[in-house]
>>> print(open('start_35.txt').read())   # compact mmCIF, C-alpha atoms
# COMPACT_ATOMS: atom_id res chain seq x y z
CA ARG A 1315 -2.37 -1.95 -31.78
CA SER A 1316 -0.06 1.06 -31.65
CA GLN A 1317 2.25 2.49 -34.27
CA THR A 1318 5.32 4.72 -34.21
CA LEU A 1319 6.96 6.52 -37.12
CA PHE A 1320 10.74 6.18 -37.58
CA GLY A 1321 11.64 8.29 -40.61
CA ASP A 1322 10.02 6.61 -43.58
CA LYS A 1323 9.24 3.41 -41.65
CA THR A 1324 6.31 2.62 -39.38
CA GLN A 1325 6.76 0.36 -36.38
CA TYR A 1326 3.71 -1.54 -35.16
CA THR A 1327 3.06 -3.14 -31.78
CA ASP A 1328 0.29 -5.66 -31.20
CA GLN A 1329 -0.51 -6.63 -27.63
CA HIS A 1330 -3.18 -8.92 -26.22
CA SER A 1331 -3.76 -9.41 -22.51
CA ILE A 1332 -6.19 -11.07 -20.14
CA SER A 1333 -6.49 -10.72 -16.38
CA ALA A 1334 -8.68 -11.79 -13.48
CA SER A 1335 -8.77 -10.84 -9.82
CA ASP A 1336 -10.58 -11.68 -6.60
CA ASN A 1337 -10.80 -9.08 -3.86
CA TYR A 1338 -12.25 -9.74 -0.42
CA ASN A 1339 -12.66 -7.12 2.28
CA HIS A 1340 -14.23 -7.54 5.72
CA ARG A 1341 -14.75 -4.53 7.96
CA ILE A 1342 -15.87 -4.29 11.59
CA ASN A 1343 -16.77 -0.89 13.08
CA ILE A 1344 -17.72 -0.27 16.72
CA ARG A 1345 -18.80 2.93 18.46
CA ILE A 1346 -18.90 3.21 22.25
CA GLU A 1347 -20.18 6.33 24.01
CA TYR A 1348 -19.83 6.69 27.75
CA ARG A 1349 -21.02 9.71 29.70
CA ILE A 1350 -18.97 9.59 32.88
CA ASP A 1351 -20.85 12.47 34.52
CA SER A 1352 -22.36 15.81 33.54
CA ASN A 1353 -18.88 17.27 32.78
CA ASN A 1354 -16.99 14.33 31.33
CA SER A 1355 -17.61 12.07 28.32
CA LEU A 1356 -15.73 9.39 26.44
CA ILE A 1357 -16.21 8.14 22.86
CA ILE A 1358 -14.30 5.12 21.49
CA ASN A 1359 -14.39 4.15 17.79
CA PRO A 1360 -12.35 1.00 16.95
CA SER A 1361 -12.39 -0.57 13.46
CA LEU A 1362 -10.81 -3.67 11.97
CA ASN A 1363 -10.40 -4.39 8.26
CA PHE A 1364 -9.24 -7.67 6.70
CA GLN A 1365 -8.10 -7.86 3.06
CA ASN A 1366 -7.39 -10.71 0.69
CA ASN A 1367 -6.49 -10.06 -2.94
CA LYS A 1368 -5.53 -12.49 -5.69
CA SER A 1369 -4.83 -11.72 -9.34
CA VAL A 1370 -3.53 -13.45 -12.45
CA SER A 1371 -2.64 -11.91 -15.81
CA GLN A 1372 -1.23 -13.05 -19.14
CA SER A 1373 -0.09 -11.04 -22.12
CA VAL A 1374 1.54 -11.56 -25.53
CA SER A 1375 3.06 -8.85 -27.69
CA GLN A 1376 4.82 -8.40 -31.00
CA THR A 1377 6.67 -5.40 -32.38
CA TYR A 1378 7.39 -5.33 -36.11
CA TYR A 1379 7.83 -3.21 -39.22
CA GLY A 1380 6.27 -5.68 -41.62
CA ALA A 1381 5.05 -9.25 -41.87
CA SER A 1382 8.61 -10.59 -42.18
CA ASP A 1383 10.43 -7.89 -40.19
CA THR A 1384 9.79 -8.59 -36.49
CA VAL A 1385 11.67 -6.54 -33.90
CA ASN A 1386 10.70 -8.50 -30.78
CA THR A 1387 8.03 -10.72 -29.25
CA GLY A 1388 7.04 -11.29 -25.65
CA GLU A 1389 4.97 -13.57 -23.45
CA ASN A 1390 4.32 -12.69 -19.83
CA SER A 1391 2.44 -14.44 -17.01
CA THR A 1392 1.97 -12.99 -13.50
CA ASN A 1393 0.35 -14.54 -10.45
CA SER A 1394 0.13 -12.52 -7.24
CA LYS A 1395 -1.68 -12.40 -3.92
CA ARG A 1396 -1.76 -10.17 -0.85
CA ASP A 1397 -3.24 -10.62 2.63
CA GLY A 1398 -3.39 -8.14 5.43
CA TYR A 1399 -5.30 -6.25 8.07
CA ASN A 1400 -5.69 -2.71 9.38
CA LEU A 1401 -6.61 -1.93 12.97
CA ARG A 1402 -7.65 1.61 13.84
CA ASN A 1403 -8.88 3.22 17.02
CA ASN A 1404 -10.09 6.70 17.88
CA ILE A 1405 -10.61 7.80 21.47
CA LEU A 1406 -12.14 11.18 22.33
CA TYR A 1407 -12.28 12.48 25.89
CA ARG A 1408 -14.09 15.73 26.68
CA HIS A 1409 -14.24 17.73 29.91
CA SER A 1410 -16.35 20.81 30.55
CA PHE A 1411 -15.37 23.09 33.41
CA ALA A 1412 -17.81 24.92 35.65
CA LYS A 1413 -17.17 28.13 33.76
CA LYS A 1414 -19.23 28.19 30.58
CA GLY A 1415 -17.10 27.93 27.43
CA ARG A 1416 -14.04 26.52 29.21
CA THR A 1417 -13.34 23.00 27.94
CA PHE A 1418 -10.54 20.53 27.55
CA SER A 1419 -10.44 17.56 25.15
CA VAL A 1420 -8.02 14.84 24.12
CA ASN A 1421 -8.34 13.00 20.80
CA LEU A 1422 -6.12 9.93 20.40
CA ASN A 1423 -5.74 8.00 17.12
CA THR A 1424 -3.84 4.74 16.68
CA THR A 1425 -3.35 2.59 13.58
CA LEU A 1426 -1.70 -0.77 13.05
CA ASN A 1427 -1.31 -2.45 9.67
CA LYS A 1428 0.33 -5.59 8.36
CA ASN A 1429 0.40 -6.90 4.77
CA ASP A 1430 2.08 -9.92 3.22
CA GLY A 1431 2.35 -10.11 -0.55
CA GLU A 1432 4.00 -12.42 -3.05
CA SER A 1433 4.10 -12.75 -6.82
CA PHE A 1434 5.42 -15.09 -9.50
CA VAL A 1435 6.48 -13.76 -12.91
CA ILE A 1436 7.33 -15.98 -15.86
CA ALA A 1437 8.24 -14.28 -19.13
CA HIS A 1438 9.90 -15.06 -22.44
CA TYR A 1439 11.18 -12.30 -24.74
CA ARG A 1440 12.73 -12.78 -28.17
CA PHE A 1441 14.68 -10.02 -29.92
CA PHE A 1442 15.67 -10.03 -33.59
CA ASP A 1443 18.81 -8.42 -34.99
CA ALA A 1444 19.14 -8.80 -38.75
CA GLY A 1445 16.84 -11.78 -38.50
CA VAL A 1446 18.91 -13.51 -35.82
CA PRO A 1447 16.87 -14.23 -32.67
CA THR A 1448 18.11 -13.75 -29.11
CA ASP A 1449 16.03 -15.11 -26.22
CA SER A 1450 15.61 -13.66 -22.75
CA PHE A 1451 13.84 -15.60 -20.00
CA GLN A 1452 12.47 -14.35 -16.71
CA ASN A 1453 11.30 -16.62 -13.90
CA GLN A 1454 11.18 -14.91 -10.54
CA TYR A 1455 9.46 -14.93 -7.17
CA THR A 1456 8.97 -11.79 -5.08
CA THR A 1457 7.90 -11.36 -1.48
CA ASN A 1458 6.85 -7.93 -0.25
CA PRO A 1459 5.83 -7.81 3.44
CA THR A 1460 4.97 -4.41 4.89
CA ASN A 1461 3.90 -3.35 8.36
CA GLY A 1462 3.63 -0.20 10.38
CA TYR A 1463 1.89 1.71 13.11
CA SER A 1464 1.13 5.28 14.02
CA VAL A 1465 0.01 7.22 17.06
CA SER A 1466 -1.35 10.75 16.90
CA SER A 1467 -3.23 12.97 19.30
CA ASN A 1468 -4.76 16.39 19.62
CA PHE A 1469 -5.04 18.34 22.86
CA ALA A 1470 -7.50 21.22 22.75
CA TYR A 1471 -8.30 23.85 25.38
CA THR A 1472 -10.91 26.56 24.97
CA GLU A 1473 -11.36 29.66 27.10
CA PRO A 1474 -14.12 32.28 26.75
CA VAL A 1475 -12.90 35.80 26.00
CA GLY A 1476 -15.27 38.68 26.60
CA ARG A 1477 -18.97 38.25 25.96
CA ARG A 1478 -18.75 36.60 22.53
CA GLY A 1479 -15.13 35.65 21.96
CA GLN A 1480 -13.32 32.37 22.53
CA LEU A 1481 -9.64 31.42 22.69
CA GLN A 1482 -8.60 27.94 21.56
CA ILE A 1483 -5.20 26.32 22.02
CA ASN A 1484 -4.25 23.12 20.20
CA TYR A 1485 -1.27 20.81 20.35
CA SER A 1486 -1.02 17.80 17.96
CA PRO A 1487 1.96 15.44 18.25
CA SER A 1488 2.26 12.29 16.12
CA TYR A 1489 4.61 9.38 15.59
CA SER A 1490 4.65 6.75 12.84
CA LYS A 1491 6.92 3.90 11.83
CA ASN A 1492 6.70 1.79 8.67
CA LYS A 1493 8.77 -1.10 7.35
CA ALA A 1494 8.98 -2.81 3.96
CA ASP A 1495 11.25 -5.61 2.79
CA GLN A 1496 10.88 -6.59 -0.86
CA GLN A 1497 13.00 -9.60 -1.85
CA THR A 1498 13.17 -11.05 -5.36
CA PHE A 1499 14.59 -14.46 -6.20
CA ARG A 1500 15.29 -15.90 -9.62
CA PHE A 1501 14.63 -19.55 -10.37
CA ASP A 1502 17.69 -21.80 -10.27
CA PRO A 1503 17.09 -24.86 -12.50
CA ALA A 1504 20.05 -26.68 -10.92
CA VAL A 1505 18.22 -27.00 -7.60
CA GLU A 1506 14.71 -26.29 -8.91
CA LYS A 1507 14.15 -23.51 -6.40
CA TYR A 1508 13.85 -19.73 -6.36
CA SER A 1509 17.21 -19.31 -4.67
CA ARG A 1510 19.12 -16.69 -6.71
CA PHE A 1511 18.73 -13.42 -4.84
CA ASP A 1512 18.28 -10.44 -7.20
CA THR A 1513 19.64 -7.28 -5.60
CA THR A 1514 18.46 -5.04 -8.45
CA LEU A 1515 14.80 -5.91 -7.80
CA SER A 1516 15.02 -5.99 -4.00
CA ASN A 1517 14.86 -3.16 -1.50
CA LYS A 1518 14.31 -2.61 2.19
CA PHE A 1519 13.41 0.50 4.14
CA ASN A 1520 12.45 1.68 7.61
CA ASN A 1521 10.66 4.99 7.81
CA THR A 1522 10.05 6.87 11.08
CA THR A 1523 8.25 10.21 11.26
CA THR A 1524 7.68 12.47 14.24
CA THR A 1525 5.67 15.69 14.07
CA ASN A 1526 4.60 18.37 16.53
CA ASN A 1527 1.98 20.89 15.49
CA GLY A 1528 0.39 23.61 17.53
>>> encode(input="start_35.txt", output="structure tokens")
Amino acid sequence: RSQTLFGDKTQYTDQHSISASDNYNHRINIRIEYRIDSNNSLIINPSLNFQNNKSVSQSVSQTYYGASDTVNTGENSTNSKRDGYNLRNNILYRHSFAKKGRTFSVNLNTTLNKNDGESFVIAHYRFFDAGVPTDSFQNQYTTNPTNGYSVSSNFAYTEPVGRRGQLQINYSPSYSKNKADQQTFRFDPAVEKYSRFDTTLSNKFNNTTTTNNG
């Protein structure tokens, strides 16, 4: 329970909720080391992660000033699930020159992800104005698929300087692209389907980022 003071009146809010969720994650990691020769080596680290999440929640609430002075009541039920995977890979190549301290390496990272989510929301709200009730109903279905990928790398060159010094030069470019397309539909009782597209609760974006660091 929470309470808020409005002048000489106190407004109370009672809320009760219950929720449950199931989360499953499966991860596979692999490490491969290959020594090509005495001056060259290669290390590959791929990983794959699968995800499956389901959740349900229910809540009821009441806001009031007194036992016979209710402001509003609400009942809400949400059912959602999300499935997806993430694929990552790291490749490291190293080369040592004949001169001690002179090296060259390339580190390449790639990621690929895809997630599909959906949720159902059913709610009933009742508002009171001078004791007269007004009802508001919500019955909607939302899909929220997302996917993206990224590629980044680091090129490093080292050169000995003097007896104890070392010069290192790095260049790190990267590129990433992500997409999301959330669509919400309200239930149409005339056709008994979620067919009324809700623009206020829907959005779509494509995000592309390119960086160059040295």
>>> residues_around(input="start_35.txt", residues="Glu1432 in chain A", least_positions_apart="3", cutoff="8 Å", atoms="only C-alpha atoms", output="VMD selection string")
chain A and resid 1394 to 1396 1455 to 1458
>>> write_last_selection(input="start_35.txt", atoms="C-alpha atoms", output="short mmCIF file (atom, residue, chain, number, x, y, z; two decimals), in the coordinates of the input")
data_model
loop_
_atom_site.label_atom_id
_atom_site.label_comp_id
_atom_site.auth_asym_id
_atom_site.auth_seq_id
_atom_site.Cartn_x
_atom_site.Cartn_y
_atom_site.Cartn_z
CA SER A 1394 0.13 -12.52 -7.24
CA LYS A 1395 -1.68 -12.40 -3.92
CA ARG A 1396 -1.76 -10.17 -0.85
CA TYR A 1455 9.46 -14.93 -7.17
CA THR A 1456 8.97 -11.79 -5.08
CA THR A 1457 7.90 -11.36 -1.48
CA ASN A 1458 6.85 -7.93 -0.25
#
>>> closest_residue(input="start_35.txt", among="A:Ile1405, A:Ala1334, A:Ala1504, A:Ala1470", to="Ile1346 in chain A", atoms="only C-alpha atoms")
A:Ile1405
>>> residues_near_point(input="start_35.txt", point="(-12.0, 10.8, 28.7)", cutoff="8 Å", atoms="all atoms listed in the file", output="PyMOL selection string")
chain A and resi 1354-1357+1405-1409+1419-1420
>>> atom_distance(input="start_35.txt", atom1="CA of Arg1416 in chain A", atom2="CA of Gln1480 in chain A")
8.9 Å
>>> closest_residue(input="start_35.txt", among="A:Lys1518, A:Arg1315, A:Arg1440, A:Arg1478", to="Glu1389 in chain A", atoms="only C-alpha atoms")
A:Arg1440
>>> closest_residue(input="start_35.txt", among="A:Gly1462, A:Pro1503, A:Gly1321, A:Gly1415", to="Gly1476 in chain A", atoms="only C-alpha atoms")
A:Gly1415
>>> atom_distance(input="start_35.txt", atom1="CA of Pro1360 in chain A", atom2="CA of Ser1467 in chain A")
15.2 Å
>>> closest_atom_pairs(input="start_35.txt", of="range 1419-1513 of chain A", to="range 1373-1386 of chain A", cutoff="8 Å", atoms="only C-alpha atoms", output="Markdown table")
| residue | atom | partner | partner_atom | distance |
| --- | --- | --- | --- | --- |
| A:Tyr1439 | CA | A:Asn1386 | CA | 7.2 |
| A:Arg1440 | CA | A:Asn1386 | CA | 5.4 |
| A:Phe1441 | CA | A:Asn1386 | CA | 4.3 |
| A:Phe1442 | CA | A:Val1385 | CA | 5.3 |
| A:Asp1443 | CA | A:Val1385 | CA | 7.5 |
| A:Gly1445 | CA | A:Asp1383 | CA | 7.7 |
>>> atom_distance(input="start_35.txt", atom1="CA of Arg1341 in chain A", atom2="CA of Ser1361 in chain A")
7.2 Å
>>> residues_around(input="start_35.txt", residues="range 1483-1500 of chain A", least_positions_apart="6", cutoff="7 Å", atoms="all atoms listed in the file", output="VMD selection string")
chain A and resid 1453 to 1472 1508 to 1512 1515 to 1528
>>> closest_residue(input="start_35.txt", among="A:Asn1390, A:Thr1417, A:Asp1351, A:Leu1481", to="Ala1437 in chain A", atoms="all atoms listed in the file")
A:Asn1390
>>> residues_around(input="start_35.txt", residues="Asn1366 in chain A", least_positions_apart="3", cutoff="12 Å", atoms="all atoms listed in the file", output="ChimeraX atom specification")
/A:1335-1340,1363,1369,1394-1400,1429-1431
>>> decode(input="start_35.txt", residues="range 1334-1354 of chain A", atoms="C-alpha atoms", output="PDB file, in the first residue's frame")
ATOM      1  CA  ALA A1334       6.086 -16.343 -12.925  1.00  0.00           C
ATOM      2  CA  SER A1335       8.795 -16.843 -15.515  1.00  0.00           C
ATOM      3  CA  ASP A1336      10.815 -19.594 -17.183  1.00  0.00           C
ATOM      4  CA  ASN A1337      14.231 -18.785 -18.598  1.00  0.00           C
ATOM      5  CA  TYR A1338      16.320 -21.229 -20.602  1.00  0.00           C
ATOM      6  CA  ASN A1339      19.822 -20.530 -21.868  1.00  0.00           C
ATOM      7  CA  HIS A1340      22.138 -22.889 -23.746  1.00  0.00           C
ATOM      8  CA  ARG A1341      25.700 -21.862 -24.506  1.00  0.00           C
ATOM      9  CA  ILE A1342      28.375 -23.524 -26.643  1.00  0.00           C
ATOM     10  CA  ASN A1343      31.982 -22.269 -26.499  1.00  0.00           C
ATOM     11  CA  ILE A1344      34.844 -23.559 -28.654  1.00  0.00           C
ATOM     12  CA  ARG A1345      38.533 -22.628 -28.650  1.00  0.00           C
ATOM     13  CA  ILE A1346      40.849 -23.632 -31.494  1.00  0.00           C
ATOM     14  CA  GLU A1347      44.579 -22.898 -31.401  1.00  0.00           C
ATOM     15  CA  TYR A1348      46.720 -23.530 -34.453  1.00  0.00           C
ATOM     16  CA  ARG A1349      50.446 -22.855 -34.592  1.00  0.00           C
ATOM     17  CA  ILE A1350      51.155 -22.504 -38.294  1.00  0.00           C
ATOM     18  CA  ASP A1351      54.930 -22.304 -37.818  1.00  0.00           C
ATOM     19  CA  SER A1352      57.416 -20.755 -35.407  1.00  0.00           C
ATOM     20  CA  ASN A1353      56.410 -17.208 -36.494  1.00  0.00           C
ATOM     21  CA  ASN A1354      52.687 -17.496 -37.129  1.00  0.00           C
TER      22      ASN A1354
END
